[in-house]
$ cat target-v1.tsv   # TSV, C-alpha atoms
chain	number	residue	atom	x	y	z
A	1183	MET	CA	-4.05	-23.57	2.67
A	1184	ARG	CA	-5.28	-20.56	4.62
A	1185	ASN	CA	-9.02	-19.91	4.67
A	1186	THR	CA	-9.04	-16.65	6.64
A	1187	PRO	CA	-10.16	-13.70	4.53
A	1188	VAL	CA	-7.60	-11.06	3.66
A	1189	PRO	CA	-8.62	-7.67	5.09
A	1190	LYS	CA	-9.49	-4.92	2.66
A	1191	ASN	CA	-6.91	-2.15	2.45
A	1192	THR	CA	-7.87	0.58	0.02
A	1193	LEU	CA	-4.34	1.76	-0.75
A	1194	LEU	CA	-2.80	-1.69	-1.20
A	1195	ASP	CA	-5.76	-3.05	-3.16
A	1196	TYR	CA	-5.75	0.02	-5.42
A	1197	LEU	CA	-1.99	-0.32	-6.06
A	1198	ILE	CA	-2.30	-4.00	-6.94
A	1199	GLU	CA	-5.08	-3.26	-9.42
A	1200	HIS	CA	-3.54	-0.02	-10.77
A	1201	LEU	CA	-0.18	-1.68	-11.40
A	1202	GLY	CA	-1.72	-4.87	-12.80
A	1203	LEU	CA	-0.14	-7.04	-10.14
A	1204	LYS	CA	-1.33	-10.45	-8.97
A	1205	ASN	CA	-1.14	-10.04	-5.18
A	1206	SER	CA	0.55	-8.39	-2.19
A	1207	ARG	CA	3.72	-10.42	-2.76
A	1208	ALA	CA	4.05	-8.98	-6.26
A	1209	LEU	CA	3.40	-5.50	-4.83
A	1210	SER	CA	6.17	-5.92	-2.27
A	1211	LYS	CA	8.59	-6.93	-5.04
A	1212	HIS	CA	7.50	-4.01	-7.24
A	1213	LEU	CA	8.02	-1.52	-4.40
A	1214	GLY	CA	11.21	-3.18	-3.15
A	1215	VAL	CA	9.92	-3.75	0.38
A	1216	THR	CA	9.43	-6.89	2.44
A	1217	GLN	CA	6.23	-8.90	2.36
A	1218	GLY	CA	6.15	-8.35	6.11
A	1219	MET	CA	5.87	-4.59	5.66
A	1220	ILE	CA	2.95	-4.98	3.26
A	1221	SER	CA	1.30	-7.49	5.60
A	1222	LYS	CA	1.65	-5.19	8.62
A	1223	ILE	CA	0.04	-2.34	6.69
A	1224	ARG	CA	-2.74	-4.59	5.36
A	1225	TYR	CA	-3.58	-6.01	8.80
A	1226	GLY	CA	-3.42	-2.61	10.51
A	1227	VAL	CA	-0.37	-3.39	12.63
A	1228	ASN	CA	1.42	-0.38	11.11
A	1229	LYS	CA	0.08	2.67	9.34
A	1230	PRO	CA	1.80	3.61	6.08
A	1231	SER	CA	4.77	5.77	7.11
A	1232	SER	CA	5.84	8.95	5.36
A	1233	ASP	CA	8.74	6.98	3.86
A	1234	PHE	CA	6.33	4.35	2.51
A	1235	ILE	CA	4.08	7.05	1.04
A	1236	LEU	CA	7.07	8.65	-0.70
A	1237	LEU	CA	8.18	5.24	-1.98
A	1238	VAL	CA	4.73	4.63	-3.47
A	1239	TYR	CA	4.88	8.10	-5.03
A	1240	ASP	CA	8.33	7.38	-6.53
A	1241	LYS	CA	7.40	3.92	-7.90
A	1242	THR	CA	3.97	4.81	-9.30
A	1243	ASN	CA	2.43	7.72	-11.14
A	1244	LEU	CA	0.10	8.53	-8.23
A	1245	SER	CA	0.12	11.95	-6.64
A	1246	ILE	CA	0.74	12.37	-2.91
A	1247	GLU	CA	-2.83	13.68	-2.65
A	1248	LYS	CA	-4.25	10.50	-4.25
A	1249	ILE	CA	-2.14	8.30	-1.97
A	1250	ARG	CA	-3.30	10.23	1.11
A	1251	GLU	CA	-6.90	9.94	-0.09
A	1252	LEU	CA	-6.54	6.17	-0.42
A	1253	ILE	CA	-5.06	5.95	3.08
A	1254	GLY	CA	-7.89	8.08	4.42
A	1255	GLU	CA	-5.78	11.01	5.57
A	1256	ASP	CA	-7.36	14.43	5.52
A	1257	ASN	CA	-4.53	16.70	6.55
A	1258	GLY	CA	-0.81	16.13	6.85
A	1259	LEU	CA	1.29	13.00	6.75
A	1260	ASP	CA	1.60	10.84	9.83
A	1261	SER	CA	4.80	8.96	10.56

$ encode --input "target-v1.tsv" --output "structure tokens"
Amino acid sequence: MRNTPVPKNTLLDYLIEHLGLKNSRALSKHLGVTQGMISKIRYGVNKPSSDFILLVYDKTNLSIEKIRELIGEDNGLDS
């Protein structure tokens, strides 16, 4: 059993709560992406790409503006 704390990620944590999911694994299944992709975003290895942002937009009822706000972007999408 792992005792290291899971880093806070506003977008991922919001999605898990908003969609009523149990954890990041359930989020990866809901979005149709690998657990590795979610983990890399959570741990800051990768920033959410434009493709990931559009996927979240397509699979949820969140606006692009809300998603960008949760990521912390002020202007424009980064790839």

$ atom_distance --input "target-v1.tsv" --atom1 "atom CA of Val1238 of chain A" --atom2 "atom CA of Leu1197 of chain A"
8.7 Å

$ closest_residue --input "target-v1.tsv" --among "A:Ile1220, A:Val1227, A:Leu1213, A:Leu1194" --to "Thr1242 of chain A" --atoms "only C-alpha atoms"
A:Leu1213

$ closest_residue --input "target-v1.tsv" --among "A:Leu1193, A:Leu1203, A:Val1215, A:Ile1253" --to "Leu1237 of chain A" --atoms "only C-alpha atoms"
A:Val1215

$ atom_distance --input "target-v1.tsv" --atom1 "atom CA of Leu1236 of chain A" --atom2 "atom CA of Pro1189 of chain A"
23.4 Å

$ closest_residue --input "target-v1.tsv" --among "A:Phe1234, A:Gly1214, A:Lys1229, A:Ile1223" --to "Asp1195 of chain A" --atoms "all atoms listed in the file"
A:Ile1223

$ axis_aligned_box --input "target-v1.tsv" --around "segment 1212-1228 of chain A" --padding-each-side "8 Å" --output "JSON"
{"center_x": 3.8, "center_y": -4.6, "center_z": 2.7, "size_x": 30.8, "size_y": 24.5, "size_z": 35.9}

$ atom_distance --input "target-v1.tsv" --atom1 "atom CA of Thr1192 of chain A" --atom2 "atom CA of Glu1251 of chain A"
9.4 Å

$ closest_residue --input "target-v1.tsv" --among "A:His1200, A:Lys1248, A:His1212, A:Arg1207" --to "Arg1224 of chain A" --atoms "all atoms listed in the file"
A:Arg1207

$ decode --input "target-v1.tsv" --residues "segment 1186-1239 of chain A" --atoms "C-alpha atoms" --output "mmCIF file, in the first residue's frame"
data_model
loop_
_atom_site.group_PDB
_atom_site.id
_atom_site.type_symbol
_atom_site.label_atom_id
_atom_site.label_comp_id
_atom_site.auth_asym_id
_atom_site.auth_seq_id
_atom_site.Cartn_x
_atom_site.Cartn_y
_atom_site.Cartn_z
ATOM 1 C CA THR A 1186 2.680 9.007 -0.404
ATOM 2 C CA PRO A 1187 0.053 11.734 -0.704
ATOM 3 C CA VAL A 1188 -1.550 12.288 -4.092
ATOM 4 C CA PRO A 1189 -0.834 15.818 -5.354
ATOM 5 C CA LYS A 1190 -3.752 18.186 -5.700
ATOM 6 C CA ASN A 1191 -4.750 18.928 -9.282
ATOM 7 C CA THR A 1192 -7.645 21.337 -9.536
ATOM 8 C CA LEU A 1193 -8.904 20.169 -12.932
ATOM 9 C CA LEU A 1194 -8.692 16.439 -12.232
ATOM 10 C CA ASP A 1195 -10.090 16.743 -8.711
ATOM 11 C CA TYR A 1196 -12.964 18.901 -9.979
ATOM 12 C CA LEU A 1197 -13.771 16.396 -12.752
ATOM 13 C CA ILE A 1198 -13.796 13.466 -10.337
ATOM 14 C CA GLU A 1199 -16.174 15.300 -8.005
ATOM 15 C CA HIS A 1200 -18.313 16.851 -10.784
ATOM 16 C CA LEU A 1201 -18.798 13.497 -12.519
ATOM 17 C CA GLY A 1202 -19.342 11.599 -9.261
ATOM 18 C CA LEU A 1203 -16.390 9.316 -9.855
ATOM 19 C CA LYS A 1204 -14.414 7.409 -7.240
ATOM 20 C CA ASN A 1205 -10.836 8.170 -8.316
ATOM 21 C CA SER A 1206 -8.402 8.963 -11.138
ATOM 22 C CA ARG A 1207 -8.737 5.435 -12.522
ATOM 23 C CA ALA A 1208 -12.482 5.909 -12.941
ATOM 24 C CA LEU A 1209 -11.808 9.303 -14.566
ATOM 25 C CA SER A 1210 -9.420 7.747 -17.076
ATOM 26 C CA LYS A 1211 -12.064 5.150 -17.996
ATOM 27 C CA HIS A 1212 -14.770 7.828 -18.297
ATOM 28 C CA LEU A 1213 -12.600 9.948 -20.596
ATOM 29 C CA GLY A 1214 -11.238 6.968 -22.527
ATOM 30 C CA VAL A 1215 -7.581 7.743 -21.805
ATOM 31 C CA THR A 1216 -4.854 5.771 -20.074
ATOM 32 C CA GLN A 1217 -4.266 5.960 -16.347
ATOM 33 C CA GLY A 1218 -0.727 6.984 -17.264
ATOM 34 C CA MET A 1219 -1.979 10.127 -18.996
ATOM 35 C CA ILE A 1220 -4.027 11.130 -15.957
ATOM 36 C CA SER A 1221 -1.076 10.379 -13.666
ATOM 37 C CA LYS A 1222 1.328 12.471 -15.756
ATOM 38 C CA ILE A 1223 -1.064 15.419 -15.643
ATOM 39 C CA ARG A 1224 -1.667 14.988 -11.899
ATOM 40 C CA TYR A 1225 2.048 14.809 -11.063
ATOM 41 C CA GLY A 1226 2.953 17.717 -13.355
ATOM 42 C CA VAL A 1227 4.976 15.649 -15.819
ATOM 43 C CA ASN A 1228 2.701 16.850 -18.642
ATOM 44 C CA LYS A 1229 0.399 19.825 -18.892
ATOM 45 C CA PRO A 1230 -3.096 19.138 -20.214
ATOM 46 C CA SER A 1231 -2.784 19.342 -24.002
ATOM 47 C CA SER A 1232 -5.260 21.054 -26.290
ATOM 48 C CA ASP A 1233 -6.486 17.600 -27.321
ATOM 49 C CA PHE A 1234 -7.048 16.650 -23.668
ATOM 50 C CA ILE A 1235 -8.924 19.906 -23.030
ATOM 51 C CA LEU A 1236 -11.173 19.244 -26.034
ATOM 52 C CA LEU A 1237 -11.744 15.671 -24.848
ATOM 53 C CA VAL A 1238 -12.821 16.934 -21.419
ATOM 54 C CA TYR A 1239 -15.110 19.433 -23.152
#
